[in-house]
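Participant: Dumping the structure here so I can ask a few things about it.
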Amino acid sequence: MTRERTASPRTAGAINDRIALELLAERGPLTAGQLKEGTGLSRPSVSDLLERLGKRGLVAVVGESGASRRGPNARLYGLVADRAHVVALDARTDRVAVAVADLTGRTVHRADHAVPDDTRDGGDGGDGGDGGKTALAVVDGALRAAGVTAPHTVVMGAPGLVDPATGTLGGLLVLPAWHRGLARLLRERAEGRPGAGTGAPGHLVVENEVNLAAVAEHRLGAVRDRDTFVLLWLGEGVGASLFLDGALRRGSSGGAGEIGFLPVPGTAGLPTATDCGGGFHALVGGAAVRESARRHGVVPTPPEGGPDHPTAEGAVAGAAAAPAHPAHRAFLGELAERVAVGVAAVVAVLDPGCVVLGGEVGRAGGPVLAEAVAARLEGLTPLRTEVRAGTVTGSPVLGGGLVTALDTARRELFTRG
């Protein structure tokens with residue numbers, strides 16, 4: 001005979017606590033009555049729950065409801081914002097951007113600084129090189145400005161491969177040495193190594209930048225209604241993120257989505273293990289987009305030896321703003337045709353049902369480019385695939401980094417040991 005099993009009071013209390021905390025994180029401050037309705041608990045149980053969470057320093061009275069009713073206004077309970085802080089870091093090839101947020105998800109400070117040319121190629125030795133130290137100083141400055149001494153979690157997004165087993169960054173020859181140096185310095189802090197400095201995070205997560213952009217679009221942007229999609233990053237470089245069944249898929253070496261190396265028709269040759277110049281990158285990378293824009297007369301040809309402006313992002317944004325112009329229409333049509341070639345290959349293997357165009361160029365093209373790619377894709381694959389433009393404003397890498405960092409912090413703090 002099987003005996004009926006029930007959760008112990010302690011386990012049930014922990015489950016209820018987490019449900020209440022997640023409600024407060026999702027909806028913001030709530031009254032005890034709203035928590036009762038959201039959790040399905042009795043009023044005495046909610047009262048006990050709020051007392052427990054208050055003692056743990058996670059919940060406090062943050063105001064009063066404005067509801068019109070007899071008697072005093074109901075107290076509003078919210079997460080204690082300063083209970084923990086998280087940091088997101090977007091390490092570009094030439095600059096670093098930082099965002100600091102509190103436990104409620106409110107961004108309390110942002111910083112964006114260039115990494116000077118003379119420090120970008122700093123050595124990759126144990127000290128992280130000059131570039132790593134420069135970037136670390138930006139992080140430290142942001143923490144000081146936010147009044148944070150020790151963040152709970154730091155998430156660093158960067159180009160390149162992130163080994164799923166070790167979390168180490170590398171794998172691409174084009175990756176500046178200071179990226180690996182910065183990741184090492186942050187990891188040493190997280191591990192509390194001597195000489196690593198103050199402000200050590202409790203957790204460090206290093207993630208590919210395109211994966212973080214996909215997290216941002218899933219939680220904050222264009223695909224909040226989907227758990228399976230592919231984000232195609234179109235910028236100076238090209239990449240993809242595979243978000244399948246509600247989770248990122250990184251591959252055995254962290255290289256899933258290195259679509260720039262995809263062999264496609266229309267290039268001068270084939271890619272190699274060390275050069276994606278003959279792959280999909282040659283069709284839709286920044287240089288290829290600028291060349292196409294000049295050929296169609298969308299932008300002027302720069303003087304010999306002059307700067308290669310405008311950017312690919314600027315050229316696409318200008319064309320998408322006036323798509324009826326014959327030159328713009330031809331340029332966007334060619335770009336859509338090229339993008340559709342790569343998307344069709346991804347669709348044939350994964351059948352994600354939805355592809356999001358992200359990155360600087362993808363977002364600049366917006367719905368105009370997305371619709372053009374979708375129209376061309378219909379003739380290349382029998383698999384129904386929706387194409388959407390990314391909608392996250394600002395830096396999607398920072399946005400996805402903060403979401404990831406907050407998930408880590410809340411998962412630990414909301415779970416009673």
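Starting from 1 in every chain, residues are counted up; chains themselves are A, B, ... following the order of the structure tokens, and ligands are numbered from 1 as listed.
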Considering only helix (DSSP H, G or I) as DSSP defines it on the backbone, what residues of region 115-312 of chain A qualify? List them as a PyMOL selection string.
Facilitator: chain A and resi 117-120+129-146+177-190+209-220+259-261+281-284+286-295+312
Participant: Compile the contact shell of Ala375 (chain A) as a ChimeraX atom specification: residues with an atom at most 10 Å away, counting only C-alpha atoms, same-chain residues fewer than 5 positions apart removed.
Facilitator: /A:336-337,340,369-370,380,386-387
Participant: Near Glu258 (chain A), within 7 Å and counting only C-alpha atoms, which residues show up once chain neighbours fewer than 2 positions away are dropped, as a ChimeraX atom specification?
Facilitator: /A:239-240,255-256,260-261
Participant: Pull the closest atom pair for each residue of region 244-359 of chain A that gets at most 8 Å from region 143-166 of chain A, along with the distance in Å to one decimal, counting only C-alpha atoms, ordering rows by chain and then ascending residue number, as a Markdown table.
Facilitator:
```
| residue | atom | partner | partner_atom | distance |
| --- | --- | --- | --- | --- |
| A:Arg250 | CA | A:Pro164 | CA | 7.3 |
| A:Ser252 | CA | A:Pro164 | CA | 7.2 |
| A:Ser253 | CA | A:Asp163 | CA | 5.5 |
| A:Gly254 | CA | A:Asp163 | CA | 5.2 |
| A:Gly255 | CA | A:Leu161 | CA | 5.8 |
```
Participant: Suppose we keep all heavy atoms; can you now write the selection as an mmCIF file, in the first residue's frame?
Facilitator:
```
data_model
loop_
_atom_site.group_PDB
_atom_site.id
_atom_site.type_symbol
_atom_site.label_atom_id
_atom_site.label_comp_id
_atom_site.auth_asym_id
_atom_site.auth_seq_id
_atom_site.Cartn_x
_atom_site.Cartn_y
_atom_site.Cartn_z
ATOM 1 N N ARG A 250 24.025 25.755 -26.967
ATOM 2 C CA ARG A 250 25.347 26.301 -27.252
ATOM 3 C C ARG A 250 26.235 25.360 -28.056
ATOM 4 O O ARG A 250 27.257 25.782 -28.579
ATOM 5 C CB ARG A 250 26.039 26.661 -25.938
ATOM 6 C CG ARG A 250 25.276 27.713 -25.121
ATOM 7 C CD ARG A 250 25.950 27.957 -23.781
ATOM 8 N NE ARG A 250 25.278 29.000 -23.022
ATOM 9 C CZ ARG A 250 24.216 28.806 -22.246
ATOM 10 N NH1 ARG A 250 23.684 27.591 -22.153
ATOM 11 N NH2 ARG A 250 23.669 29.802 -21.578
ATOM 12 N N SER A 252 28.536 21.566 -28.342
ATOM 13 C CA SER A 252 29.529 20.906 -27.490
ATOM 14 C C SER A 252 30.717 21.795 -27.172
ATOM 15 O O SER A 252 31.348 21.659 -26.124
ATOM 16 C CB SER A 252 30.011 19.617 -28.156
ATOM 17 O OG SER A 252 30.668 19.909 -29.382
ATOM 18 N N SER A 253 31.066 22.716 -28.066
ATOM 19 C CA SER A 253 32.219 23.586 -27.833
ATOM 20 C C SER A 253 31.817 25.041 -27.631
ATOM 21 O O SER A 253 32.678 25.910 -27.503
ATOM 22 C CB SER A 253 33.196 23.500 -29.021
ATOM 23 O OG SER A 253 32.587 24.013 -30.191
ATOM 24 N N GLY A 254 30.513 25.320 -27.597
ATOM 25 C CA GLY A 254 30.048 26.706 -27.490
ATOM 26 C C GLY A 254 29.925 27.385 -28.837
ATOM 27 O O GLY A 254 29.651 28.576 -28.908
ATOM 28 N N GLY A 255 30.114 26.630 -29.930
ATOM 29 C CA GLY A 255 30.132 27.232 -31.248
ATOM 30 C C GLY A 255 28.835 27.171 -32.022
ATOM 31 O O GLY A 255 28.796 27.588 -33.189
#
```
Participant: Tell me, in Å to one decimal, how far CA of Phe229 (chain A) is from CA of Leu242 (chain A).
Facilitator: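 Result for CA of Phe229 (chain A) versus CA of Leu242 (chain A): 6.6 Å, one decimal.
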Participant: Show which residues sit within 12 Å of Ala137 (chain A), as a list in words. Count only C-alpha atoms, and ignore same-chain residues fewer than 5 positions away.
Facilitator: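 Selected residues are Val96, Ala97, Val98, Ala111, Asp112, His113, Ala114, Val115, Asp130, Gly131, Gly132, Ala142, Leu143, Arg144, Leu182, Leu185, Leu186, Gly197, Thr198 and Gly199 of chain A.
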Participant: Using only C-alpha atoms, determine which residues lie at most 7 Å from Gly279 (chain A), disregarding the query and same-chain residues fewer than 4 positions distant; provide the list as a PyMOL selection string.
Facilitator: chain A and resi 260-264+267+270-271
Participant: Please extract the residues of region 230-312 of chain A with a backbone DSSP assignment of strand (DSSP E) and present them as a list in words.
Facilitator: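 Selecting the strand (DSSP E) positions of region 230-312 of chain A gives Val230, Leu231, Leu232, Trp233, Leu234, Val238, Gly239, Ala240, Ser241, Leu242, Phe243, Leu244, Ala247, Leu248 and Arg249 of chain A.
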Participant: Based on the selection just made, write N, CA, C and O atoms of those residues as a PDB file, in the first residue's frame.
Facilitator:
```pdb
ATOM      1  N   VAL A 230      15.219  31.416 -33.566  1.00  0.00           N
ATOM      2  CA  VAL A 230      16.633  31.679 -33.837  1.00  0.00           C
ATOM      3  C   VAL A 230      16.798  33.176 -33.996  1.00  0.00           C
ATOM      4  O   VAL A 230      16.028  33.825 -34.722  1.00  0.00           O
ATOM      5  N   LEU A 231      17.765  33.744 -33.298  1.00  0.00           N
ATOM      6  CA  LEU A 231      18.100  35.147 -33.492  1.00  0.00           C
ATOM      7  C   LEU A 231      19.305  35.231 -34.420  1.00  0.00           C
ATOM      8  O   LEU A 231      20.339  34.611 -34.153  1.00  0.00           O
ATOM      9  N   LEU A 232      19.153  35.949 -35.509  1.00  0.00           N
ATOM     10  CA  LEU A 232      20.245  36.164 -36.454  1.00  0.00           C
ATOM     11  C   LEU A 232      20.818  37.554 -36.208  1.00  0.00           C
ATOM     12  O   LEU A 232      20.117  38.555 -36.351  1.00  0.00           O
ATOM     13  N   TRP A 233      22.088  37.589 -35.817  1.00  0.00           N
ATOM     14  CA  TRP A 233      22.754  38.862 -35.528  1.00  0.00           C
ATOM     15  C   TRP A 233      23.412  39.369 -36.808  1.00  0.00           C
ATOM     16  O   TRP A 233      24.287  38.722 -37.379  1.00  0.00           O
ATOM     17  N   LEU A 234      22.964  40.542 -37.258  1.00  0.00           N
ATOM     18  CA  LEU A 234      23.516  41.173 -38.451  1.00  0.00           C
ATOM     19  C   LEU A 234      24.152  42.495 -38.032  1.00  0.00           C
ATOM     20  O   LEU A 234      23.451  43.424 -37.611  1.00  0.00           O
ATOM     21  N   VAL A 238      28.662  38.571 -38.090  1.00  0.00           N
ATOM     22  CA  VAL A 238      27.416  37.824 -38.230  1.00  0.00           C
ATOM     23  C   VAL A 238      27.431  36.665 -37.234  1.00  0.00           C
ATOM     24  O   VAL A 238      28.465  36.013 -37.044  1.00  0.00           O
ATOM     25  N   GLY A 239      26.309  36.405 -36.620  1.00  0.00           N
ATOM     26  CA  GLY A 239      26.203  35.280 -35.699  1.00  0.00           C
ATOM     27  C   GLY A 239      24.754  34.892 -35.523  1.00  0.00           C
ATOM     28  O   GLY A 239      23.842  35.549 -36.038  1.00  0.00           O
ATOM     29  N   ALA A 240      24.517  33.821 -34.808  1.00  0.00           N
ATOM     30  CA  ALA A 240      23.153  33.373 -34.541  1.00  0.00           C
ATOM     31  C   ALA A 240      23.086  32.785 -33.146  1.00  0.00           C
ATOM     32  O   ALA A 240      24.078  32.294 -32.610  1.00  0.00           O
ATOM     33  N   SER A 241      21.904  32.843 -32.558  1.00  0.00           N
ATOM     34  CA  SER A 241      21.650  32.214 -31.270  1.00  0.00           C
ATOM     35  C   SER A 241      20.479  31.265 -31.433  1.00  0.00           C
ATOM     36  O   SER A 241      19.455  31.619 -32.023  1.00  0.00           O
ATOM     37  N   LEU A 242      20.625  30.059 -30.906  1.00  0.00           N
ATOM     38  CA  LEU A 242      19.602  29.035 -31.019  1.00  0.00           C
ATOM     39  C   LEU A 242      18.872  28.920 -29.691  1.00  0.00           C
ATOM     40  O   LEU A 242      19.441  28.469 -28.693  1.00  0.00           O
ATOM     41  N   PHE A 243      17.632  29.344 -29.675  1.00  0.00           N
ATOM     42  CA  PHE A 243      16.817  29.299 -28.465  1.00  0.00           C
ATOM     43  C   PHE A 243      15.720  28.274 -28.727  1.00  0.00           C
ATOM     44  O   PHE A 243      14.731  28.555 -29.405  1.00  0.00           O
ATOM     45  N   LEU A 244      15.904  27.067 -28.222  1.00  0.00           N
ATOM     46  CA  LEU A 244      15.025  25.955 -28.541  1.00  0.00           C
ATOM     47  C   LEU A 244      14.381  25.392 -27.279  1.00  0.00           C
ATOM     48  O   LEU A 244      15.060  25.118 -26.293  1.00  0.00           O
ATOM     49  N   ALA A 247      15.293  27.170 -23.983  1.00  0.00           N
ATOM     50  CA  ALA A 247      16.666  27.196 -23.476  1.00  0.00           C
ATOM     51  C   ALA A 247      17.646  27.492 -24.603  1.00  0.00           C
ATOM     52  O   ALA A 247      17.415  27.137 -25.769  1.00  0.00           O
ATOM     53  N   LEU A 248      18.737  28.156 -24.255  1.00  0.00           N
ATOM     54  CA  LEU A 248      19.818  28.373 -25.206  1.00  0.00           C
ATOM     55  C   LEU A 248      20.508  27.054 -25.506  1.00  0.00           C
ATOM     56  O   LEU A 248      20.736  26.239 -24.611  1.00  0.00           O
ATOM     57  N   ARG A 249      20.859  26.831 -26.774  1.00  0.00           N
ATOM     58  CA  ARG A 249      21.611  25.647 -27.173  1.00  0.00           C
ATOM     59  C   ARG A 249      22.968  26.114 -27.686  1.00  0.00           C
ATOM     60  O   ARG A 249      23.051  26.791 -28.710  1.00  0.00           O
TER      61      ARG A 249
END
```
Participant: Just want the 9 Å neighbourhood of Val343 (chain A), counted on only C-alpha atoms, with same-chain residues fewer than 6 positions away dropped. Output as a PyMOL selection string.
Facilitator: chain A and resi 232+355+373+377
Participant: Excluding Leu103 (chain A) and residues on its chain fewer than 2 positions from it, collect all residues at most 9 Å away from it, counting only C-alpha atoms, and give them as number ranges by chain.
Facilitator: A: 25, 79-86, 101, 105-106, 406, 409-410
Participant: Of the residues A:Ser42, A:Pro326, A:Lys55, A:Gly379, which is the one nearest to Val298 (chain A), using only C-alpha atoms?
Facilitator: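 Nearest to Val298 (chain A): A:Pro326.
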Participant: Please measure the separation of CA of Gly28 (chain A) and CA of Glu217 (chain A), giving the value in Å to one decimal.
Facilitator: 21.2 Å
Participant: Kindly give the distance, in Å, that separates CA of Thr385 (chain A) and CA of Ala344 (chain A), rounded to a single decimal.
Facilitator: 9.4 Å
